[in-house]
file target35.cif (mmCIF, C-alpha atoms)
data_start
#
loop_
_atom_site.label_atom_id
_atom_site.label_comp_id
_atom_site.auth_asym_id
_atom_site.auth_seq_id
_atom_site.Cartn_x
_atom_site.Cartn_y
_atom_site.Cartn_z
CA MET F 1 118.44 144.87 98.04
CA THR F 2 121.13 144.65 100.73
CA MET F 3 121.73 142.84 103.99
CA THR F 4 124.60 143.48 106.38
CA LEU F 5 125.45 141.97 109.73
CA GLU F 6 126.70 144.00 112.69
CA SER F 7 127.71 142.32 115.92
CA SER F 8 128.19 144.17 119.18
CA ALA F 9 130.46 143.13 122.00
CA GLY F 10 128.85 142.47 125.36
CA ALA F 11 129.27 144.67 128.39
CA HIS F 12 131.37 141.93 129.96
CA ALA F 13 134.06 139.76 128.41
CA GLY F 14 132.67 136.61 126.82
CA LEU F 15 129.08 137.89 126.73
CA ARG F 16 127.61 137.57 123.25
CA ARG F 17 124.58 139.47 122.01
CA PRO F 18 122.48 138.59 118.95
CA ALA F 19 123.79 140.13 115.77
CA ALA F 20 121.98 143.25 114.59
CA ILE F 21 120.65 142.57 111.12
CA VAL F 22 120.21 145.57 108.86
CA VAL F 23 118.02 144.88 105.85
CA SER F 24 116.35 146.83 103.08
CA ASN F 25 113.36 145.86 100.96
CA ARG F 26 112.80 142.63 102.88
CA ALA F 27 109.33 141.08 102.83
CA GLN F 28 107.20 141.15 105.96
CA ILE F 29 104.39 138.82 107.05
CA VAL F 30 101.42 141.17 107.35
CA GLY F 31 98.55 138.73 107.85
CA VAL F 32 97.65 135.13 108.70
CA GLY F 33 94.37 133.22 108.62
CA THR F 34 93.23 129.65 109.26
CA ALA F 35 90.10 127.61 108.59
CA THR F 36 88.76 124.08 109.01
CA PRO F 37 85.68 122.12 107.94
CA LYS F 38 82.72 122.28 110.29
CA THR F 39 82.80 118.60 111.25
CA ALA F 40 85.22 117.43 113.96
CA TYR F 41 85.70 114.12 115.75
CA SER F 42 87.54 112.76 118.76
CA GLN F 43 89.86 109.82 118.15
CA LYS F 44 87.34 107.49 119.77
CA GLU F 45 84.57 108.80 117.54
CA VAL F 46 86.65 108.05 114.43
CA LEU F 47 87.34 104.51 115.65
CA ASP F 48 83.67 103.93 116.40
CA ALA F 49 82.58 105.43 113.07
CA PHE F 50 84.48 102.72 111.23
CA ASN F 51 83.78 99.96 113.77
CA ILE F 52 87.49 99.44 114.42
CA GLU F 53 87.99 96.87 117.18
CA ASP F 54 91.64 95.91 116.61
CA ARG F 55 93.36 96.61 119.95
CA ARG F 56 96.66 97.67 118.33
CA VAL F 57 94.94 100.19 116.08
CA ARG F 58 92.84 101.59 118.92
CA LEU F 59 95.95 102.04 121.08
CA MET F 60 97.68 103.88 118.23
CA PHE F 61 94.77 106.29 117.88
CA MET F 62 94.35 106.88 121.60
CA ASN F 63 98.10 107.38 122.27
CA SER F 64 98.60 109.87 119.43
CA ALA F 65 98.46 113.03 121.65
CA ILE F 66 95.55 114.16 119.46
CA GLY F 67 92.28 115.08 121.12
CA ARG F 68 90.18 116.11 118.14
CA ARG F 69 90.47 116.50 114.36
CA HIS F 70 88.42 118.21 111.67
CA LEU F 71 87.58 115.59 109.06
CA THR F 72 85.21 115.10 106.16
CA LEU F 73 84.27 111.45 106.62
CA PRO F 74 82.35 109.43 104.01
CA PRO F 75 78.58 109.17 104.51
CA GLU F 76 76.93 106.21 106.21
CA GLY F 77 75.04 103.70 104.11
CA GLU F 78 71.61 102.30 104.99
CA ASP F 79 73.39 99.57 106.97
CA GLY F 80 75.20 102.18 109.06
CA VAL F 81 78.57 101.40 107.47
CA ARG F 82 80.70 104.27 106.13
CA ALA F 83 81.02 104.21 102.34
CA ASN F 84 84.27 103.09 100.72
CA GLU F 85 84.90 106.13 98.52
CA THR F 86 86.37 105.73 95.05
CA GLN F 87 89.36 107.78 93.93
CA GLY F 88 87.02 109.91 91.88
CA GLU F 89 84.83 110.65 94.90
CA LEU F 90 87.91 111.49 96.97
CA LEU F 91 89.14 113.95 94.34
CA GLU F 92 85.70 115.57 94.22
CA LYS F 93 85.73 115.91 98.01
CA HIS F 94 89.17 117.47 97.91
CA SER F 95 88.14 119.98 95.26
CA LYS F 96 84.99 121.06 97.09
CA TYR F 97 86.43 121.51 100.57
CA ALA F 98 89.89 122.76 99.59
CA VAL F 99 88.20 125.68 97.85
CA GLU F 100 85.78 126.23 100.75
CA ILE F 101 88.29 126.33 103.59
CA GLY F 102 91.07 127.78 101.44
CA ALA F 103 88.86 130.75 100.58
CA ALA F 104 87.96 131.25 104.25
CA ALA F 105 91.62 131.24 105.33
CA LEU F 106 92.57 133.66 102.54
CA ARG F 107 89.84 136.12 103.52
CA LYS F 108 91.03 136.12 107.14
CA ALA F 109 94.69 136.66 106.20
CA VAL F 110 93.85 139.57 103.88
CA GLU F 111 91.56 141.14 106.48
CA ARG F 112 94.22 140.80 109.17
CA ALA F 113 96.64 142.54 106.78
CA GLY F 114 94.30 145.53 106.57
CA ALA F 115 93.83 144.88 102.85
CA THR F 116 91.01 143.85 100.50
CA LEU F 117 90.67 140.96 98.07
CA ASP F 118 91.28 143.41 95.24
CA ASP F 119 94.74 144.08 96.70
CA VAL F 120 95.88 140.48 96.10
CA ARG F 121 98.32 140.62 93.20
CA TYR F 122 100.00 137.22 93.58
CA LEU F 123 98.54 133.92 94.82
CA CYS F 124 100.48 130.75 95.59
CA CYS F 125 98.41 127.67 96.45
CA VAL F 126 99.86 124.60 98.17
CA THR F 127 98.20 121.20 98.36
CA THR F 128 99.09 117.51 98.29
CA THR F 129 95.84 115.70 99.04
CA GLY F 130 94.34 115.96 95.54
CA LEU F 131 95.30 116.85 91.99
CA LEU F 132 93.30 119.71 90.48
CA THR F 133 93.41 121.02 86.91
CA PRO F 134 92.63 123.92 86.70
CA GLY F 135 94.66 124.36 89.86
CA LEU F 136 93.44 125.51 93.25
CA SER F 137 94.73 129.03 92.55
CA ALA F 138 92.46 129.42 89.53
CA LEU F 139 89.49 127.98 91.44
CA LEU F 140 90.07 130.42 94.31
CA CYS F 141 90.35 133.33 91.89
CA LYS F 142 86.89 132.45 90.57
CA GLU F 143 85.43 131.71 94.01
CA LEU F 144 86.62 135.01 95.52
CA GLY F 145 86.44 137.22 92.45
CA LEU F 146 90.14 138.06 92.59
CA ARG F 147 91.72 140.34 90.00
CA ARG F 148 91.97 138.90 86.51
CA ASP F 149 95.62 139.97 86.37
CA CYS F 150 96.49 138.20 89.63
CA SER F 151 99.69 136.19 89.09
CA ARG F 152 99.49 132.58 90.31
CA THR F 153 101.54 129.52 91.21
CA ASP F 154 100.39 126.07 92.32
CA ILE F 155 102.66 123.83 94.41
CA VAL F 156 101.33 120.27 94.31
CA GLY F 157 102.62 117.07 95.88
CA MET F 158 105.45 118.28 98.12
CA GLY F 159 103.69 117.27 101.34
CA CYS F 160 103.94 118.56 104.89
CA HIS F 161 107.03 120.75 104.34
CA ALA F 162 105.50 122.57 101.34
CA GLY F 163 104.14 125.52 103.31
CA LEU F 164 107.64 126.96 103.67
CA ASN F 165 108.37 126.26 100.00
CA GLY F 166 105.28 128.28 99.13
CA MET F 167 106.22 130.99 101.60
CA ASN F 168 109.64 131.26 99.93
CA THR F 169 107.83 131.84 96.63
CA VAL F 170 105.54 134.62 97.91
CA VAL F 171 108.40 136.29 99.77
CA SER F 172 110.52 136.33 96.60
CA TRP F 173 107.62 137.75 94.57
CA ALA F 174 106.86 140.41 97.20
CA GLN F 175 110.48 141.53 97.29
CA ALA F 176 110.52 141.80 93.49
CA ASN F 177 107.23 143.75 93.57
CA PRO F 178 107.41 146.23 96.48
CA GLY F 179 104.14 147.56 97.80
CA LYS F 180 102.06 144.74 96.27
CA LEU F 181 100.31 142.05 98.28
CA ALA F 182 101.28 138.37 97.84
CA VAL F 183 99.28 135.58 99.49
CA MET F 184 99.97 131.90 100.07
CA VAL F 185 97.16 129.42 100.76
CA CYS F 186 97.78 125.89 102.05
CA ALA F 187 94.63 123.77 101.73
CA GLU F 188 94.74 120.10 102.66
CA ILE F 189 91.80 117.69 102.78
CA CYS F 190 93.67 114.75 104.26
CA SER F 191 90.43 112.76 104.63
CA ALA F 192 90.45 112.66 100.80
CA ALA F 193 93.68 110.64 101.00
CA TYR F 194 92.63 107.86 103.36
CA VAL F 195 92.55 104.13 102.74
CA PHE F 196 90.67 101.96 105.23
CA ASP F 197 91.86 98.35 105.15
CA GLY F 198 92.49 97.48 108.80
CA THR F 199 96.29 97.31 108.46
CA MET F 200 98.73 99.02 110.80
CA GLN F 201 100.33 100.82 107.84
CA THR F 202 97.15 102.71 106.94
CA ALA F 203 96.21 103.08 110.62
CA VAL F 204 99.32 105.21 111.21
CA VAL F 205 98.14 107.71 108.58
CA ASN F 206 94.47 107.55 109.53
CA SER F 207 95.24 108.25 113.20
CA LEU F 208 97.26 111.38 112.46
CA PHE F 209 96.15 113.53 109.53
CA ALA F 210 93.29 116.03 109.37
CA ASP F 211 91.65 118.67 107.18
CA GLY F 212 92.69 122.31 107.43
CA ALA F 213 93.73 125.42 105.53
CA ALA F 214 95.99 128.35 106.36
CA ALA F 215 96.93 131.53 104.50
CA LEU F 216 99.76 134.02 104.80
CA ALA F 217 99.83 137.58 103.43
CA VAL F 218 103.25 139.07 102.60
CA MET F 219 104.41 142.49 101.42
CA SER F 220 107.64 144.46 101.11
CA ALA F 221 107.81 148.23 101.39
CA PRO F 222 108.76 150.36 98.40
CA ALA F 223 112.37 151.53 98.27
CA ASN F 224 112.99 154.19 100.92
CA GLY F 225 109.31 153.94 101.85
CA ALA F 226 107.03 152.18 104.29
CA LEU F 227 104.21 149.67 104.27
CA PRO F 228 100.78 151.12 103.44
CA ALA F 229 99.03 152.90 106.31
CA THR F 230 96.22 150.32 106.27
CA VAL F 231 98.75 147.54 106.93
CA THR F 232 100.49 149.29 109.80
CA ALA F 233 97.13 150.27 111.28
CA ALA F 234 95.99 146.64 111.13
CA ALA F 235 99.16 145.55 112.92
CA ALA F 236 98.60 148.15 115.64
CA ALA F 237 95.02 146.97 116.13
CA GLY F 238 95.93 143.27 116.28
CA ASP F 239 95.94 140.92 119.24
CA SER F 240 99.66 141.53 119.76
CA GLY F 241 99.21 145.29 120.21
CA ALA F 242 101.39 147.61 118.14
CA LEU F 243 103.88 144.86 117.28
CA PRO F 244 105.35 145.41 113.81
CA PRO F 245 104.97 142.60 111.24
CA PRO F 246 107.97 140.22 111.26
CA THR F 247 110.59 140.49 108.53
CA VAL F 248 111.58 137.29 106.72
CA LEU F 249 115.38 137.21 106.84
CA ALA F 250 116.35 133.86 105.32
CA PHE F 251 115.36 130.35 104.26
CA ASN F 252 117.31 127.09 104.41
CA SER F 253 116.50 123.63 103.03
CA ARG F 254 117.78 120.12 103.59
CA VAL F 255 116.96 117.04 101.51
CA VAL F 256 117.87 113.60 102.87
CA PRO F 257 117.85 111.49 99.66
CA GLU F 258 118.74 108.25 101.43
CA ALA F 259 115.34 108.49 103.15
CA ILE F 260 113.40 109.43 100.02
CA ASP F 261 110.92 106.56 100.46
CA ALA F 262 110.24 107.21 104.15
CA MET F 263 107.18 109.33 103.29
CA LYS F 264 105.30 109.00 100.03
CA PHE F 265 101.86 109.34 98.47
CA ALA F 266 101.66 106.74 95.72
CA TRP F 267 99.13 104.77 93.69
CA ASP F 268 97.90 101.62 95.45
CA GLU F 269 96.85 99.09 92.82
CA GLN F 270 95.15 96.85 95.37
CA HIS F 271 92.79 99.59 96.55
CA GLY F 272 92.52 101.50 93.26
CA LYS F 273 93.42 104.82 94.88
CA PHE F 274 96.35 106.83 96.16
CA ASN F 275 97.72 105.76 99.52
CA PHE F 276 100.01 107.66 101.88
CA PHE F 277 102.90 105.78 103.46
CA LEU F 278 104.77 106.87 106.59
CA ALA F 279 107.79 104.85 107.73
CA GLN F 280 108.32 104.16 111.44
CA ASP F 281 111.80 105.74 111.46
CA VAL F 282 110.65 109.15 110.13
CA PRO F 283 110.92 110.89 113.55
CA TYR F 284 114.53 109.75 113.94
CA VAL F 285 115.53 110.77 110.41
CA VAL F 286 114.07 114.24 110.97
CA GLY F 287 115.65 114.60 114.40
CA ALA F 288 119.07 113.45 113.22
CA ASN F 289 119.14 116.17 110.53
CA ALA F 290 117.49 119.00 112.49
CA GLU F 291 120.61 120.38 114.18
CA ASP F 292 122.67 120.85 111.04
CA ILE F 293 120.03 122.70 109.02
CA ILE F 294 119.03 124.98 111.92
CA ASP F 295 122.63 125.82 112.80
CA GLN F 296 123.38 126.58 109.15
CA LEU F 297 120.33 128.87 108.96
CA LEU F 298 121.42 130.74 112.08
CA ARG F 299 125.12 130.96 111.21
CA GLY F 300 124.21 132.95 108.11
CA ALA F 301 122.77 135.62 110.42
CA GLY F 302 125.42 135.41 113.12
CA LEU F 303 122.98 133.80 115.57
CA ARG F 304 122.86 130.81 117.89
CA ARG F 305 119.91 128.71 118.97
CA SER F 306 119.88 130.51 122.31
CA ASP F 307 119.12 133.76 120.43
CA ILE F 308 115.80 132.39 119.13
CA ALA F 309 112.83 133.43 121.25
CA HIS F 310 110.10 131.67 119.25
CA TRP F 311 110.00 128.25 117.55
CA ILE F 312 107.19 127.59 115.06
CA VAL F 313 107.49 123.88 114.26
CA HIS F 314 105.25 121.69 112.12
CA SER F 315 102.90 119.47 114.16
CA GLY F 316 104.11 116.31 112.44
CA GLY F 317 103.17 113.93 115.22
CA LYS F 318 104.11 113.24 118.84
CA LYS F 319 107.31 111.33 118.05
CA VAL F 320 108.43 113.86 115.45
CA ILE F 321 107.94 116.75 117.87
CA ASP F 322 109.80 114.89 120.64
CA SER F 323 112.70 114.08 118.30
CA VAL F 324 113.04 117.69 117.14
CA LYS F 325 112.79 118.95 120.71
CA VAL F 326 115.52 116.62 121.99
CA ASN F 327 117.92 117.14 119.09
CA LEU F 328 117.62 120.94 119.17
CA GLY F 329 117.63 121.18 122.96
CA LEU F 330 114.21 122.86 123.05
CA SER F 331 111.90 123.02 126.05
CA ALA F 332 108.24 122.05 126.21
CA HIS F 333 107.52 125.80 126.35
CA ASP F 334 109.38 126.34 123.06
CA VAL F 335 107.06 123.91 121.25
CA ARG F 336 103.90 124.63 123.24
CA HIS F 337 101.94 125.82 120.20
CA THR F 338 103.17 122.92 118.08
CA ILE F 339 101.93 120.49 120.74
CA SER F 340 98.60 122.28 121.27
CA VAL F 341 97.87 122.44 117.53
CA LEU F 342 98.54 118.70 117.23
CA HIS F 343 96.16 118.05 120.15
CA ASP F 344 93.38 120.33 118.89
CA TYR F 345 93.65 119.70 115.12
CA GLY F 346 95.96 116.78 114.33
CA ASN F 347 98.47 117.02 111.48
CA MET F 348 97.00 119.20 108.71
CA SER F 349 100.04 118.75 106.47
CA SER F 350 101.42 121.88 104.74
CA GLY F 351 99.48 124.51 106.68
CA SER F 352 99.92 123.18 110.23
CA PHE F 353 102.84 125.46 111.11
CA LEU F 354 100.74 128.55 110.38
CA PHE F 355 98.18 127.46 112.98
CA SER F 356 101.06 127.57 115.49
CA TYR F 357 102.21 130.93 114.13
CA GLU F 358 98.70 132.34 114.54
CA ARG F 359 98.57 131.12 118.14
CA LEU F 360 101.92 132.74 118.84
CA LEU F 361 100.64 136.10 117.60
CA ASP F 362 97.36 135.80 119.49
CA GLU F 363 99.27 134.95 122.66
CA GLY F 364 100.83 138.42 122.67
CA ALA F 365 104.22 137.22 123.96
CA VAL F 366 106.35 138.48 121.04
CA GLN F 367 108.48 141.57 121.63
CA PRO F 368 110.08 143.90 119.06
CA GLY F 369 113.55 142.63 118.19
CA ASP F 370 112.67 138.96 118.86
CA TYR F 371 113.90 136.29 116.46
CA GLY F 372 111.76 133.34 115.40
CA VAL F 373 112.40 130.13 113.46
CA MET F 374 109.84 128.31 111.34
CA MET F 375 110.48 124.62 110.62
CA THR F 376 108.55 122.09 108.54
CA MET F 377 109.36 118.54 107.45
CA GLY F 378 107.94 116.10 104.92
CA PRO F 379 108.53 113.74 101.98
CA GLY F 380 111.95 113.74 100.40
CA THR F 381 112.83 113.39 103.27
CA THR F 382 112.95 117.21 103.46
CA ILE F 383 113.32 119.81 106.20
CA GLU F 384 112.53 123.47 105.44
CA THR F 385 113.32 126.45 107.67
CA ALA F 386 112.85 130.21 107.78
CA LEU F 387 114.27 132.93 110.02
CA LEU F 388 112.08 135.85 111.18
CA ARG F 389 112.68 139.02 113.13
CA TRP F 390 110.05 141.30 114.67
#
call {"tool": "encode", "arguments": {"input": "target35.cif", "output": "structure tokens"}}
result
Amino acid sequence: MTMTLESSAGAHAGLRRPAAIVVSNRAQIVGVGTATPKTAYSQKEVLDAFNIEDRRVRLMFMNSAIGRRHLTLPPEGEDGVRANETQGELLEKHSKYAVEIGAAALRKAVERAGATLDDVRYLCCVTTTGLLTPGLSALLCKELGLRRDCSRTDIVGMGCHAGLNGMNTVVSWAQANPGKLAVMVCAEICSAAYVFDGTMQTAVVNSLFADGAAALAVMSAPANGALPATVTAAAAAGDSGALPPPTVLAFNSRVVPEAIDAMKFAWDEQHGKFNFFLAQDVPYVVGANAEDIIDQLLRGAGLRRSDIAHWIVHSGGKKVIDSVKVNLGLSAHDVRHTISVLHDYGNMSSGSFLFSYERLLDEGAVQPGDYGVMMTMGPGTTIETALLRW
């Protein structure tokens, strides 16, 4: 496997063109799919469902830049009050719906790749909102009837940035196994991680997170060969026309250990269940570290931020998006899909960035030769990035 960089001088002095990246045996993203539960609620409907009258909480919900979220809320009792679910009931809810929407997203990604379920040779499952043993990967193998020799990995507990950690895993496997299909599934049932106690701390989480799943299909071509005809035919028939699948060029990570407690999912003794905590300064921590990790990612390929045509950023919340946008010098157009996914779905944790990626493809604005950057952020505090080229 080799990668070389070739830069070309501009036609005029001082004009710089993006470096030409020559790669061999690099993995390509050949399919994407998303899914959500059937039930969805406006922010007002969520507030009314739990009879929340606190003015501060209501303002937080209504000023979140979220219009609607897919959620699996607890059932109403005979008195019309929503049940206070136990940790056991929350885990059961996570197991049921993570498999349901995870399977739906996987099917869509494989279909979009022009492949079949029998072609899936490696499966990486990502989730944070519930512990499952056997893991989600084994449950999906049974649910979908995947091959008995399908290799598997489960990534549990990493949070909102974990989609790119999982993508790194499937890309590495695909490059080590040319011509074989690797799939990542991110399935998060965030409504299985809620605590309702009327405090501002829990209100921050409850106003933001939602249920959703996303899947990514990845493959690398055999040495001196090409992707299977079914894959290239599927790309040609897609919403973006005959656009080739993007090649994954590089990954870059950044951990900010001094902010390790800014985001965490920990046991709450008072409520007898796990509780997610999100510090108020998270947007500023992420923004302050965004420039360095992105510039390091791009320097490795001889690129600058101005060379990037497409930004696929995690929909972490209004303040997080604004902080990233300001610190990286991005426009509202650059993060249009990030903003629209937050409005239409809320923050679906690890799979949110793939909803934005899917919208970018469906938009049909990508051109051959374009560069794209994927960026996610979450507990650690951690920022993950990937560089793509079409």
call {"tool": "resolve_selection", "arguments": {"input": "target35.cif", "expression": "the PyMOL selection byres ((chain F and resi 104) around 9)", "output": "short mmCIF file (atom, residue, chain, number, x, y, z; two decimals) with C-alpha atoms, in the coordinates of the input"}}
result
data_model
loop_
_atom_site.label_atom_id
_atom_site.label_comp_id
_atom_site.auth_asym_id
_atom_site.auth_seq_id
_atom_site.Cartn_x
_atom_site.Cartn_y
_atom_site.Cartn_z
CA GLY F 33 94.37 133.22 108.62
CA THR F 34 93.23 129.65 109.26
CA ALA F 35 90.10 127.61 108.59
CA THR F 36 88.76 124.08 109.01
CA VAL F 99 88.20 125.68 97.85
CA GLU F 100 85.78 126.23 100.75
CA ILE F 101 88.29 126.33 103.59
CA GLY F 102 91.07 127.78 101.44
CA ALA F 103 88.86 130.75 100.58
CA ALA F 105 91.62 131.24 105.33
CA LEU F 106 92.57 133.66 102.54
CA ARG F 107 89.84 136.12 103.52
CA LYS F 108 91.03 136.12 107.14
CA ALA F 109 94.69 136.66 106.20
CA ALA F 213 93.73 125.42 105.53
CA ALA F 214 95.99 128.35 106.36
CA ALA F 215 96.93 131.53 104.50
#
call {"tool": "residues_around", "arguments": {"input": "target35.cif", "residues": "region 161-165 of chain F", "least_positions_apart": "2", "cutoff": "6 Å", "atoms": "all atoms listed in the file", "output": "JSON, numbers by chain"}}
result
{"F": [158, 159, 167, 168, 350, 351, 376, 377, 378]}
call {"tool": "resolve_selection", "arguments": {"input": "target35.cif", "expression": "the PyMOL selection byres ((chain F and resi 126-131) around 6)", "output": "VMD selection string"}}
result
chain F and resid 91 94 125 132 155 to 157 159 186 to 190 193
call {"tool": "atom_distance", "arguments": {"input": "target35.cif", "atom1": "CA of Val373 (chain F)", "atom2": "CA of Leu297 (chain F)"}}
result
9.2 Å
call {"tool": "resolve_selection", "arguments": {"input": "target35.cif", "expression": "the PyMOL selection byres ((chain F and resi 267-273) around 8)", "output": "VMD selection string"}}
result
chain F and resid 86 to 87 195 265 to 266 274 to 275
